[in-house]
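Text of entry-v7.cif, listed as mmCIF, C-alpha atoms:
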data_coords
loop_
_atom_site.group_PDB
_atom_site.id
_atom_site.type_symbol
_atom_site.label_atom_id
_atom_site.label_comp_id
_atom_site.auth_asym_id
_atom_site.auth_seq_id
_atom_site.Cartn_x
_atom_site.Cartn_y
_atom_site.Cartn_z
ATOM 1 C CA MET J 16 -20.529 -27.389 18.909
ATOM 2 C CA ASP J 17 -22.556 -25.366 21.388
ATOM 3 C CA ARG J 18 -24.024 -22.106 20.027
ATOM 4 C CA GLU J 19 -22.576 -20.050 22.874
ATOM 5 C CA ILE J 20 -19.076 -21.327 22.132
ATOM 6 C CA ILE J 21 -19.507 -20.552 18.442
ATOM 7 C CA ILE J 22 -20.608 -16.999 19.269
ATOM 8 C CA LYS J 23 -17.746 -16.458 21.706
ATOM 9 C CA ASN J 24 -15.133 -17.745 19.257
ATOM 10 C CA ILE J 25 -16.369 -15.932 16.172
ATOM 11 C CA ASN J 26 -16.892 -12.647 18.024
ATOM 12 C CA SER J 27 -13.401 -12.779 19.454
ATOM 13 C CA ALA J 28 -11.869 -13.580 16.054
ATOM 14 C CA LEU J 29 -13.851 -10.877 14.229
ATOM 15 C CA ALA J 30 -12.911 -8.326 16.878
ATOM 16 C CA ASP J 31 -9.221 -9.172 16.436
ATOM 17 C CA GLU J 32 -9.336 -9.272 12.639
ATOM 18 C CA PHE J 33 -11.193 -5.998 12.175
ATOM 19 C CA GLU J 34 -9.933 -4.248 15.297
ATOM 20 C CA LYS J 35 -13.349 -3.714 16.873
ATOM 21 C CA ASP J 36 -14.634 -3.840 20.444
ATOM 22 C CA PRO J 37 -16.703 -7.054 20.733
ATOM 23 C CA SER J 38 -19.021 -5.341 23.197
ATOM 24 C CA THR J 39 -20.404 -3.406 20.205
ATOM 25 C CA PHE J 40 -21.562 -6.670 18.601
ATOM 26 C CA SER J 41 -25.257 -7.413 19.006
ATOM 27 C CA ALA J 42 -27.341 -10.199 17.505
ATOM 28 C CA ASP J 43 -29.411 -7.747 15.498
ATOM 29 C CA GLY J 44 -26.461 -5.588 14.500
ATOM 30 C CA ASN J 45 -25.617 -5.356 10.816
ATOM 31 C CA LEU J 46 -22.413 -7.298 10.308
ATOM 32 C CA TYR J 47 -21.108 -5.031 7.545
ATOM 33 C CA ASP J 48 -21.924 -1.783 9.326
ATOM 34 C CA VAL J 49 -20.604 -2.792 12.744
ATOM 35 C CA LEU J 50 -17.389 -4.302 11.379
ATOM 36 C CA GLU J 51 -17.102 -1.598 8.697
ATOM 37 C CA ILE J 52 -16.448 -4.166 6.013
ATOM 38 C CA ASP J 53 -17.541 -4.704 2.428
ATOM 39 C CA SER J 54 -17.660 -7.681 0.083
ATOM 40 C CA LEU J 55 -13.869 -7.574 -0.407
ATOM 41 C CA ASP J 56 -13.395 -8.256 3.300
ATOM 42 C CA LEU J 57 -15.459 -11.435 3.015
ATOM 43 C CA VAL J 58 -12.208 -13.057 1.891
ATOM 44 C CA ASP J 59 -10.853 -12.453 5.405
ATOM 45 C CA VAL J 60 -14.073 -13.694 7.030
ATOM 46 C CA ILE J 61 -13.979 -16.883 4.934
ATOM 47 C CA VAL J 62 -10.365 -17.579 5.885
ATOM 48 C CA LEU J 63 -11.066 -16.793 9.532
ATOM 49 C CA ILE J 64 -14.011 -19.238 9.636
ATOM 50 C CA GLU J 65 -11.927 -21.947 8.005
ATOM 51 C CA LYS J 66 -9.124 -21.484 10.547
ATOM 52 C CA LEU J 67 -11.506 -21.354 13.525
ATOM 53 C CA PHE J 68 -13.957 -24.086 12.662
ATOM 54 C CA GLY J 69 -12.335 -26.035 9.834
ATOM 55 C CA ILE J 70 -15.197 -25.471 7.425
ATOM 56 C CA LYS J 71 -14.932 -24.144 3.899
ATOM 57 C CA THR J 72 -17.340 -21.410 2.897
ATOM 58 C CA ALA J 73 -17.780 -19.311 -0.216
ATOM 59 C CA LYS J 74 -18.957 -15.786 -0.914
ATOM 60 C CA GLU J 75 -22.322 -17.168 -2.060
ATOM 61 C CA ASP J 76 -22.902 -18.637 1.413
ATOM 62 C CA PHE J 77 -23.064 -15.120 2.798
ATOM 63 C CA ALA J 78 -25.824 -13.920 0.471
ATOM 64 C CA SER J 79 -28.427 -14.144 3.246
ATOM 65 C CA VAL J 80 -26.090 -13.220 6.107
ATOM 66 C CA LYS J 81 -26.842 -9.646 7.100
ATOM 67 C CA THR J 82 -26.747 -9.577 10.906
ATOM 68 C CA PHE J 83 -24.538 -11.177 13.531
ATOM 69 C CA ASN J 84 -27.432 -13.480 14.332
ATOM 70 C CA ASP J 85 -27.576 -14.585 10.677
ATOM 71 C CA LEU J 86 -23.877 -15.415 10.908
ATOM 72 C CA TYR J 87 -24.257 -17.345 14.174
ATOM 73 C CA LYS J 88 -27.171 -19.317 12.734
ATOM 74 C CA PHE J 89 -25.260 -20.048 9.520
ATOM 75 C CA LEU J 90 -22.204 -21.234 11.450
ATOM 76 C CA GLU J 91 -24.251 -23.345 13.844
ATOM 77 C CA GLU J 92 -25.949 -25.117 10.947
ATOM 78 C CA ARG J 93 -22.734 -25.685 9.025
ATOM 79 C CA ILE J 94 -20.634 -26.788 11.995
ATOM 80 C CA ASN J 95 -23.213 -29.166 13.392
ATOM 81 C CA LYS J 96 -24.314 -30.553 10.033
ATOM 82 C CA MET L 12 9.876 -17.481 -0.665
ATOM 83 C CA ASP L 13 8.746 -14.552 -2.822
ATOM 84 C CA ILE L 14 7.157 -15.791 -6.022
ATOM 85 C CA ALA L 15 6.372 -13.962 -9.254
ATOM 86 C CA LEU L 16 4.317 -15.173 -12.207
ATOM 87 C CA ILE L 17 4.981 -13.670 -15.618
ATOM 88 C CA THR L 18 2.498 -14.423 -18.365
ATOM 89 C CA GLY L 19 3.947 -14.521 -21.838
ATOM 90 C CA GLY L 20 7.313 -15.004 -20.205
ATOM 91 C CA SER L 21 9.100 -16.940 -22.914
ATOM 92 C CA ARG L 22 10.514 -14.052 -24.909
ATOM 93 C CA GLY L 23 11.074 -10.318 -25.235
ATOM 94 C CA ILE L 24 9.778 -8.091 -22.451
ATOM 95 C CA GLY L 25 8.434 -11.097 -20.544
ATOM 96 C CA ARG L 26 11.849 -12.726 -20.447
ATOM 97 C CA ALA L 27 13.521 -9.479 -19.386
ATOM 98 C CA CYS L 28 10.975 -9.166 -16.542
ATOM 99 C CA ALA L 29 11.701 -12.733 -15.463
ATOM 100 C CA ILE L 30 15.430 -12.018 -15.321
ATOM 101 C CA LYS L 31 14.951 -8.716 -13.482
ATOM 102 C CA LEU L 32 12.698 -10.245 -10.826
ATOM 103 C CA ALA L 33 15.066 -13.224 -10.521
ATOM 104 C CA GLN L 34 17.892 -10.761 -9.826
ATOM 105 C CA MET L 35 15.691 -9.325 -7.071
ATOM 106 C CA GLY L 36 15.446 -12.777 -5.505
ATOM 107 C CA TYR L 37 12.046 -13.880 -6.754
ATOM 108 C CA TYR L 38 11.277 -17.479 -7.646
ATOM 109 C CA ILE L 39 9.904 -17.152 -11.170
ATOM 110 C CA VAL L 40 6.890 -18.950 -12.589
ATOM 111 C CA ILE L 41 7.134 -18.582 -16.358
ATOM 112 C CA ASN L 42 3.913 -18.857 -18.279
ATOM 113 C CA TYR L 43 3.882 -19.464 -22.004
ATOM 114 C CA ARG L 44 1.352 -20.783 -24.482
ATOM 115 C CA SER L 45 3.256 -22.678 -27.140
ATOM 116 C CA ASN L 46 6.957 -21.857 -27.342
ATOM 117 C CA ALA L 47 8.411 -24.330 -24.856
ATOM 118 C CA ALA L 48 11.973 -24.003 -26.159
ATOM 119 C CA GLU L 49 12.034 -20.237 -25.618
ATOM 120 C CA ALA L 50 10.406 -20.633 -22.212
ATOM 121 C CA GLU L 51 13.144 -23.094 -21.264
ATOM 122 C CA ALA L 52 15.696 -20.505 -22.361
ATOM 123 C CA THR L 53 14.029 -17.975 -20.053
ATOM 124 C CA LEU L 54 14.203 -20.453 -17.183
ATOM 125 C CA GLU L 55 17.908 -20.960 -17.858
ATOM 126 C CA ALA L 56 18.395 -17.176 -17.790
ATOM 127 C CA VAL L 57 16.519 -17.017 -14.466
ATOM 128 C CA LYS L 58 18.904 -19.601 -13.027
ATOM 129 C CA GLU L 59 21.909 -17.719 -14.381
ATOM 130 C CA ALA L 60 20.533 -14.634 -12.615
ATOM 131 C CA GLY L 61 20.895 -16.519 -9.347
ATOM 132 C CA SER L 62 17.344 -17.620 -8.686
ATOM 133 C CA ASP L 63 15.124 -20.507 -9.689
ATOM 134 C CA GLY L 64 11.751 -21.058 -11.260
ATOM 135 C CA GLU L 65 9.484 -23.304 -13.237
ATOM 136 C CA LEU L 66 7.409 -23.353 -16.390
ATOM 137 C CA LEU L 67 3.633 -23.127 -16.250
ATOM 138 C CA PRO L 68 2.130 -23.438 -19.723
ATOM 139 C CA PHE L 69 -1.439 -22.283 -20.300
ATOM 140 C CA ASP L 70 -3.419 -20.088 -22.663
ATOM 141 C CA VAL L 71 -4.325 -16.916 -20.756
ATOM 142 C CA ALA L 72 -7.388 -16.383 -22.954
ATOM 143 C CA ASN L 73 -8.812 -19.804 -22.096
ATOM 144 C CA LYS L 74 -10.644 -19.781 -18.775
ATOM 145 C CA GLU L 75 -10.425 -23.517 -18.184
ATOM 146 C CA SER L 76 -6.749 -23.613 -19.125
ATOM 147 C CA VAL L 77 -5.945 -20.782 -16.698
ATOM 148 C CA GLU L 78 -7.991 -22.103 -13.793
ATOM 149 C CA THR L 79 -6.744 -25.676 -14.169
ATOM 150 C CA ALA L 80 -3.075 -24.681 -14.360
ATOM 151 C CA ILE L 81 -3.212 -22.230 -11.480
ATOM 152 C CA SER L 82 -5.265 -24.423 -9.159
ATOM 153 C CA LYS L 83 -2.854 -27.322 -9.784
ATOM 154 C CA TRP L 84 0.081 -25.023 -9.030
ATOM 155 C CA GLN L 85 -1.594 -23.850 -5.825
ATOM 156 C CA GLU L 86 -2.296 -27.445 -4.772
ATOM 157 C CA ALA L 87 1.357 -28.329 -5.343
ATOM 158 C CA HIS L 88 2.604 -25.287 -3.401
ATOM 159 C CA LYS L 89 0.511 -25.295 -0.232
ATOM 160 C CA GLY L 90 1.463 -22.444 2.060
ATOM 161 C CA GLU L 91 3.051 -20.465 -0.768
ATOM 162 C CA TYR L 92 1.458 -17.768 -2.883
ATOM 163 C CA ILE L 93 2.280 -15.703 -5.917
ATOM 164 C CA SER L 94 2.747 -12.154 -4.665
ATOM 165 C CA VAL L 95 3.812 -10.539 -7.933
ATOM 166 C CA LEU L 96 1.874 -10.965 -11.161
ATOM 167 C CA VAL L 97 3.077 -9.519 -14.433
ATOM 168 C CA ASN L 98 0.276 -9.709 -16.988
ATOM 169 C CA ASN L 99 2.504 -9.535 -20.021
ATOM 170 C CA ALA L 100 0.915 -11.993 -22.475
ATOM 171 C CA GLY L 101 -0.298 -10.245 -25.582
ATOM 172 C CA ILE L 102 -0.622 -10.703 -29.307
ATOM 173 C CA ARG L 103 -0.882 -8.418 -32.304
ATOM 174 C CA HIS L 104 -2.954 -8.919 -35.420
ATOM 175 C CA ASP L 105 -2.636 -5.556 -37.128
ATOM 176 C CA ASN L 106 -4.993 -4.552 -39.883
ATOM 177 C CA MET L 107 -6.959 -1.525 -40.935
ATOM 178 C CA LEU L 108 -10.365 -1.715 -39.304
ATOM 179 C CA MET L 109 -11.941 -1.652 -42.756
ATOM 180 C CA TRP L 110 -10.359 -5.053 -43.424
ATOM 181 C CA MET L 111 -10.200 -6.452 -39.914
ATOM 182 C CA THR L 112 -11.746 -9.861 -39.351
ATOM 183 C CA ASP L 113 -13.749 -10.844 -36.290
ATOM 184 C CA GLU L 114 -10.953 -13.262 -35.401
ATOM 185 C CA GLU L 115 -8.283 -10.540 -35.587
ATOM 186 C CA TRP L 116 -10.397 -8.374 -33.301
ATOM 187 C CA SER L 117 -11.458 -10.961 -30.747
ATOM 188 C CA SER L 118 -8.182 -12.853 -30.442
ATOM 189 C CA VAL L 119 -6.282 -9.679 -29.534
ATOM 190 C CA LEU L 120 -8.918 -8.481 -27.052
ATOM 191 C CA ASP L 121 -9.366 -11.930 -25.534
ATOM 192 C CA THR L 122 -5.658 -12.439 -24.897
ATOM 193 C CA THR L 123 -5.201 -9.034 -23.313
ATOM 194 C CA LEU L 124 -8.469 -8.495 -21.445
ATOM 195 C CA TYR L 125 -9.748 -11.978 -20.634
ATOM 196 C CA GLY L 126 -6.119 -12.947 -20.012
ATOM 197 C CA PHE L 127 -5.794 -10.187 -17.441
ATOM 198 C CA MET L 128 -9.128 -11.077 -15.831
ATOM 199 C CA TYR L 129 -8.725 -14.859 -15.651
ATOM 200 C CA VAL L 130 -5.183 -14.856 -14.297
ATOM 201 C CA THR L 131 -5.606 -11.930 -11.916
ATOM 202 C CA ARG L 132 -8.856 -13.293 -10.491
ATOM 203 C CA ALA L 133 -7.221 -16.652 -9.831
ATOM 204 C CA LEU L 134 -4.362 -15.085 -7.858
ATOM 205 C CA LEU L 135 -6.024 -12.112 -6.209
ATOM 206 C CA LYS L 136 -7.650 -13.958 -3.309
ATOM 207 C CA ASP L 137 -4.289 -15.038 -1.892
ATOM 208 C CA MET L 138 -2.902 -11.523 -2.267
ATOM 209 C CA LEU L 139 -5.876 -10.125 -0.350
ATOM 210 C CA ILE L 140 -5.563 -12.734 2.397
ATOM 211 C CA LYS L 141 -1.818 -12.128 2.759
ATOM 212 C CA LYS L 142 -2.395 -8.390 2.448
ATOM 213 C CA PHE L 143 0.398 -7.947 -0.023
ATOM 214 C CA GLY L 144 0.433 -8.091 -3.786
ATOM 215 C CA ARG L 145 1.808 -6.437 -6.870
ATOM 216 C CA ILE L 146 -0.064 -6.624 -10.171
ATOM 217 C CA ILE L 147 1.693 -5.140 -13.179
ATOM 218 C CA ASN L 148 -0.149 -5.006 -16.479
ATOM 219 C CA MET L 149 1.741 -4.621 -19.730
ATOM 220 C CA SER L 150 -0.213 -2.079 -21.724
ATOM 221 C CA SER L 151 1.247 -0.086 -24.588
ATOM 222 C CA LEU L 152 1.759 3.292 -26.161
ATOM 223 C CA SER L 153 -0.946 2.034 -28.508
ATOM 224 C CA GLY L 154 -3.374 1.942 -25.583
ATOM 225 C CA LEU L 155 -2.642 5.557 -24.667
ATOM 226 C CA LYS L 156 -2.671 7.379 -27.995
ATOM 227 C CA GLY L 157 -4.043 4.788 -30.411
ATOM 228 C CA LEU L 158 -2.053 3.678 -33.429
ATOM 229 C CA PRO L 159 -3.467 3.297 -36.938
ATOM 230 C CA GLY L 160 -3.720 -0.299 -38.055
ATOM 231 C CA GLN L 161 -4.112 -1.372 -34.440
ATOM 232 C CA THR L 162 -7.686 -0.578 -33.463
ATOM 233 C CA ASN L 163 -7.930 -4.020 -31.888
ATOM 234 C CA TYR L 164 -4.613 -3.726 -30.039
ATOM 235 C CA SER L 165 -5.285 -0.103 -29.017
ATOM 236 C CA ALA L 166 -8.738 -1.046 -27.716
ATOM 237 C CA ALA L 167 -7.331 -3.977 -25.762
ATOM 238 C CA LYS L 168 -4.428 -2.061 -24.241
ATOM 239 C CA SER L 169 -6.574 0.973 -23.463
ATOM 240 C CA GLY L 170 -9.098 -1.341 -21.805
ATOM 241 C CA LEU L 171 -6.296 -2.781 -19.749
ATOM 242 C CA ILE L 172 -5.442 0.680 -18.444
ATOM 243 C CA GLY L 173 -9.070 1.179 -17.399
ATOM 244 C CA ALA L 174 -9.102 -2.183 -15.653
ATOM 245 C CA THR L 175 -5.833 -1.294 -13.930
ATOM 246 C CA LYS L 176 -7.249 1.932 -12.534
ATOM 247 C CA ALA L 177 -10.495 0.307 -11.373
ATOM 248 C CA LEU L 178 -8.888 -2.707 -9.701
ATOM 249 C CA ALA L 179 -6.251 -0.512 -8.062
ATOM 250 C CA GLN L 180 -9.009 1.333 -6.199
ATOM 251 C CA GLU L 181 -10.750 -1.899 -5.194
ATOM 252 C CA VAL L 182 -7.731 -3.474 -3.525
ATOM 253 C CA ALA L 183 -5.496 -0.595 -2.407
ATOM 254 C CA ARG L 184 -6.473 -0.887 1.262
ATOM 255 C CA LYS L 185 -5.311 -4.508 1.230
ATOM 256 C CA ASN L 186 -1.788 -3.404 0.268
ATOM 257 C CA VAL L 187 -2.174 -4.750 -3.234
ATOM 258 C CA THR L 188 -1.031 -2.350 -5.939
ATOM 259 C CA VAL L 189 -2.090 -2.481 -9.571
ATOM 260 C CA ASN L 190 -0.228 -0.560 -12.241
ATOM 261 C CA ALA L 191 0.182 -0.555 -15.988
ATOM 262 C CA ILE L 192 3.279 0.004 -18.071
ATOM 263 C CA CYS L 193 3.004 1.492 -21.534
ATOM 264 C CA PRO L 194 6.086 0.649 -23.571
ATOM 265 C CA GLY L 195 6.710 2.515 -26.800
ATOM 266 C CA PHE L 196 8.848 0.941 -29.500
ATOM 267 C CA ILE L 197 10.919 -1.775 -27.838
ATOM 268 C CA GLN L 198 13.396 -4.080 -29.569
ATOM 269 C CA THR L 199 11.580 -7.427 -29.486
ATOM 270 C CA ASP L 200 10.268 -10.035 -31.901
ATOM 271 C CA MET L 201 6.995 -8.083 -31.963
ATOM 272 C CA THR L 202 8.727 -5.058 -33.491
ATOM 273 C CA LYS L 203 11.380 -6.748 -35.623
ATOM 274 C CA ASP L 204 9.319 -6.253 -38.797
ATOM 275 C CA LEU L 205 9.098 -2.488 -38.221
ATOM 276 C CA ASP L 206 11.340 0.037 -39.979
ATOM 277 C CA GLU L 207 13.444 1.066 -36.983
ATOM 278 C CA ALA L 208 15.594 3.539 -38.899
ATOM 279 C CA GLU L 209 12.524 5.429 -40.059
ATOM 280 C CA LEU L 210 10.495 5.178 -36.852
ATOM 281 C CA LYS L 211 13.271 6.274 -34.522
ATOM 282 C CA LYS L 212 13.197 9.722 -36.152
ATOM 283 C CA GLN L 213 9.864 10.263 -34.330
ATOM 284 C CA ILE L 214 11.320 9.278 -30.967
ATOM 285 C CA PRO L 215 12.968 12.054 -28.937
ATOM 286 C CA ALA L 216 15.468 9.546 -27.536
ATOM 287 C CA ASN L 217 16.269 8.650 -31.191
ATOM 288 C CA ARG L 218 16.226 4.905 -30.600
ATOM 289 C CA PHE L 219 14.031 1.969 -29.745
ATOM 290 C CA GLY L 220 13.983 0.950 -26.100
ATOM 291 C CA THR L 221 15.243 -2.340 -24.736
ATOM 292 C CA PRO L 222 13.251 -5.005 -22.891
ATOM 293 C CA GLU L 223 15.558 -4.437 -19.931
ATOM 294 C CA GLU L 224 14.484 -0.792 -19.701
ATOM 295 C CA VAL L 225 10.867 -1.925 -19.398
ATOM 296 C CA ALA L 226 11.817 -4.640 -16.919
ATOM 297 C CA ALA L 227 13.543 -2.047 -14.714
ATOM 298 C CA VAL L 228 10.187 -0.322 -14.208
ATOM 299 C CA VAL L 229 8.551 -3.677 -13.502
ATOM 300 C CA GLY L 230 11.213 -4.281 -10.897
ATOM 301 C CA PHE L 231 10.439 -0.989 -9.179
ATOM 302 C CA LEU L 232 6.668 -1.533 -9.236
ATOM 303 C CA ALA L 233 7.151 -5.018 -7.787
ATOM 304 C CA SER L 234 9.284 -3.717 -4.955
ATOM 305 C CA LYS L 235 8.083 -2.874 -1.469
ATOM 306 C CA GLU L 236 9.288 0.701 -2.067
ATOM 307 C CA ALA L 237 6.490 1.145 -4.628
ATOM 308 C CA ALA L 238 3.740 0.621 -2.039
ATOM 309 C CA TYR L 239 2.222 4.085 -2.606
ATOM 310 C CA VAL L 240 2.211 3.862 -6.399
ATOM 311 C CA THR L 241 -1.031 2.357 -7.660
ATOM 312 C CA GLY L 242 -3.529 2.839 -10.467
ATOM 313 C CA GLN L 243 -0.873 4.383 -12.709
ATOM 314 C CA ALA L 244 -0.081 3.917 -16.382
ATOM 315 C CA ILE L 245 3.645 4.523 -16.699
ATOM 316 C CA SER L 246 5.141 5.193 -20.110
ATOM 317 C CA VAL L 247 8.506 3.789 -21.137
ATOM 318 C CA ASN L 248 8.779 5.285 -24.590
ATOM 319 C CA GLY L 249 11.824 7.545 -24.981
ATOM 320 C CA GLY L 250 9.629 10.639 -24.884
ATOM 321 C CA LEU L 251 7.561 9.596 -27.905
ATOM 322 C CA TYR L 252 4.231 10.478 -26.304
ATOM 323 C CA THR L 253 3.946 12.581 -23.180
#
Show the structure stored in the file as structure tokens.
Amino acid sequence: MDREIIIKNINSALADEFEKDPSTFSADGNLYDVLEIDSLDLVDVIVLIEKLFGIKTAKEDFASVKTFNDLYKFLEERINK
Amino acid sequence: MDIALITGGSRGIGRACAIKLAQMGYYIVINYRSNAAEAEATLEAVKEAGSDGELLPFDVANKESVETAISKWQEAHKGEYISVLVNNAGIRHDNMLMWMTDEEWSSVLDTTLYGFMYVTRALLKDMLIKKFGRIINMSSLSGLKGLPGQTNYSAAKSGLIGATKALAQEVARKNVTVNAICPGFIQTDMTKDLDEAELKKQIPANRFGTPEEVAAVVGFLASKEAAYVTGQAISVNGGLYT
């Protein structure tokens, strides 16, 4: 799947789930700060990714995901594996 | 379908909770460890109350037993989730601390505290995803005031209250409530060896309580009307300890 499509889809879904304006999302932005989420909300992110892309992830997968760019890179690798 | 799991649901307070939640329309998953005949009797009572249910045997204190049973249940019920959990399983091994064995100490704490942790952890994810859940932990008067001869049981039930308060704050914003109930002397198999005539003199209500009186509070805490009640330890004790 093309990186741009992944970014568009995940941004749209995150904006809906956490009621945020996607225009505030930037590649270098801290995912947790921008979305105002904590580790408990990862449950929602995991479910959202599974619904969107059909891939199963776990909390441990997000250990090195800090920014939106980290998330895009992680998704790109997992989806196109 | 609204589904409730009651650990230690084969007898006493657990059975009364099963019947109460069945009357409220819940499908009841009845956990028990060893007493299949009594668990079957609870299931019959659930059906007589106008609902349905099933038995789910496992040892709450055994991590593998809990995770295997619950994951199999979840596999068999895709699209469904358990929205109400009553952590009721508990055991007593009373002894003065001076004479208490390691086994008497650890078995009581393991059943109450590991039991709470293993079962709740296995079900919590679905509650968070669905943004609705009710977790009701059966503590005890013993966990509030401490009772001599029950340092193990008091420690376990007091620990359960602490866990209740902590978890309640973790998950409140996901519309999952966590509360504890602290029954006093209730007429069950666990209290049948006690001297009721003597003990009731200490109780302002002048009697032991019934399992149904505890179950009524469970029913309220499980209801949607109890959405703003969380992190509480609610006594059902006839005024014995206030």
Practice problem: Report as number ranges by chain the full result of the PyMOL selection byres ((chain L and resi 135-140) around 7) when it is applied to this structure. | Solution: J: 58-59; L: 92, 94, 131-134, 141-144, 185, 187
Quiz item: Hey, what comes out of the PyMOL selection byres ((chain J) within 12 of (chain L)) on this file? Could you write it as number ranges by chain?
Solution: J: 32, 52-63, 73-74
Report the centre and edge lengths, in Å to one decimal, of an axis-aligned box enclosing every atom of region 27-41 of chain J listed in the file, padded by 4 Å on each side, as AutoDock Vina command-line options.
--center_x -17.2 --center_y -8.5 --center_z 17.7 --size_x 24.0 --size_y 18.2 --size_z 19.0
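Shortest separation to Phe127 (chain L) among L:Ala87, L:Ile93, L:Ser151, L:Gly170 occurs at residue L:Gly170, atoms counted being only C-alpha atoms.
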Practice problem: With the file shown as input, list the residues that the PyMOL selection byres ((chain L and resi 160) around 9) selects, as a list in words. | Solution: Asp105, Asn106, Met107, Leu108, Leu158, Pro159, Gln161, Thr162, Asn163 and Tyr164 of chain L
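When CA of Glu55 (chain L) is paired with CA of Ala29 (chain L), their separation reads 10.6 Å.
Distances from J:Leu50, J:Ala42, J:Pro37, J:Leu90 to Leu67 (chain J) were compared using all atoms listed in the file, and the smallest one belongs to J:Leu90.
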Quiz prompt | Contacts of region 62-66 of chain L at 12 Å (all atoms listed in the file; same-chain gap of 2+ positions) as a VMD selection string | solution = chain L and resid 12 to 21 29 to 60 68 to 69 80 to 81 84
Quiz item: Which polymer residues have any atom within 8 Å of an atom of region 71-75 of chain L, counting all atoms listed in the file, with same-chain residues fewer than 4 positions away left out, as a ChimeraX atom specification?
Solution: /L:18,44,79,100,121-123,125-127,129-130
Practice problem: Work out how far CA of Val225 (chain L) is from CA of Gly173 (chain L), in Å to one decimal. | Solution: 20.3 Å
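Atom to atom, CA of Ala233 (chain L) and CA of Val119 (chain L) stand 26.0 Å apart.
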Practice problem: Determine, counting all atoms listed in the file, every residue of protein, DNA or RNA that lies within 12 Å of (-24.0, -22.4, 13.1) in the file coordinates, then give the result as a ChimeraX atom specification. | Solution: /J:16-22,24-25,64,68,70,80,83-96
Just region 37-53 of chain J from the block, N, CA and C atoms, as an mmCIF file, in the first residue's frame, could you?
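The result, written out as out20.cif:
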data_model
loop_
_atom_site.group_PDB
_atom_site.id
_atom_site.type_symbol
_atom_site.label_atom_id
_atom_site.label_comp_id
_atom_site.auth_asym_id
_atom_site.auth_seq_id
_atom_site.Cartn_x
_atom_site.Cartn_y
_atom_site.Cartn_z
ATOM 1 N N PRO J 37 -7.359 16.974 11.859
ATOM 2 C CA PRO J 37 -6.182 16.334 11.245
ATOM 3 C C PRO J 37 -5.150 17.337 10.738
ATOM 4 N N SER J 38 -5.555 18.583 10.574
ATOM 5 C CA SER J 38 -4.580 19.581 10.118
ATOM 6 C C SER J 38 -3.532 19.865 11.202
ATOM 7 N N THR J 39 -3.821 19.448 12.434
ATOM 8 C CA THR J 39 -2.844 19.645 13.522
ATOM 9 C C THR J 39 -1.808 18.514 13.561
ATOM 10 N N PHE J 40 -2.002 17.497 12.712
ATOM 11 C CA PHE J 40 -1.065 16.370 12.701
ATOM 12 C C PHE J 40 0.142 16.736 11.838
ATOM 13 N N SER J 41 1.323 16.553 12.385
ATOM 14 C CA SER J 41 2.536 16.758 11.582
ATOM 15 C C SER J 41 3.443 15.553 11.791
ATOM 16 N N ALA J 42 4.288 15.294 10.824
ATOM 17 C CA ALA J 42 5.149 14.105 10.882
ATOM 18 C C ALA J 42 5.988 14.077 12.159
ATOM 19 N N ASP J 43 6.451 15.235 12.571
ATOM 20 C CA ASP J 43 7.309 15.286 13.756
ATOM 21 C C ASP J 43 6.520 15.438 15.059
ATOM 22 N N GLY J 44 5.229 15.609 14.940
ATOM 23 C CA GLY J 44 4.405 15.819 16.133
ATOM 24 C C GLY J 44 4.365 14.582 17.017
ATOM 25 N N ASN J 45 4.359 14.819 18.322
ATOM 26 C CA ASN J 45 4.279 13.693 19.262
ATOM 27 C C ASN J 45 2.846 13.137 19.270
ATOM 28 N N LEU J 46 2.760 11.882 18.931
ATOM 29 C CA LEU J 46 1.454 11.224 18.790
ATOM 30 C C LEU J 46 0.594 11.363 20.057
ATOM 31 N N TYR J 47 1.223 11.144 21.197
ATOM 32 C CA TYR J 47 0.490 11.145 22.470
ATOM 33 C C TYR J 47 0.052 12.563 22.866
ATOM 34 N N ASP J 48 0.932 13.524 22.594
ATOM 35 C CA ASP J 48 0.602 14.906 22.954
ATOM 36 C C ASP J 48 -0.477 15.474 22.036
ATOM 37 N N VAL J 49 -0.310 15.261 20.740
ATOM 38 C CA VAL J 49 -1.250 15.833 19.769
ATOM 39 C C VAL J 49 -2.643 15.206 19.922
ATOM 40 N N LEU J 50 -2.663 13.885 20.109
ATOM 41 C CA LEU J 50 -3.963 13.205 20.236
ATOM 42 C C LEU J 50 -4.497 13.252 21.669
ATOM 43 N N GLU J 51 -3.635 13.695 22.588
ATOM 44 C CA GLU J 51 -3.996 13.721 24.020
ATOM 45 C C GLU J 51 -4.428 12.331 24.489
ATOM 46 N N ILE J 52 -3.547 11.386 24.241
ATOM 47 C CA ILE J 52 -3.844 10.005 24.646
ATOM 48 C C ILE J 52 -2.740 9.492 25.564
ATOM 49 N N ASP J 53 -3.041 8.397 26.255
ATOM 50 C CA ASP J 53 -2.020 7.715 27.047
ATOM 51 C C ASP J 53 -2.033 6.236 26.694
#
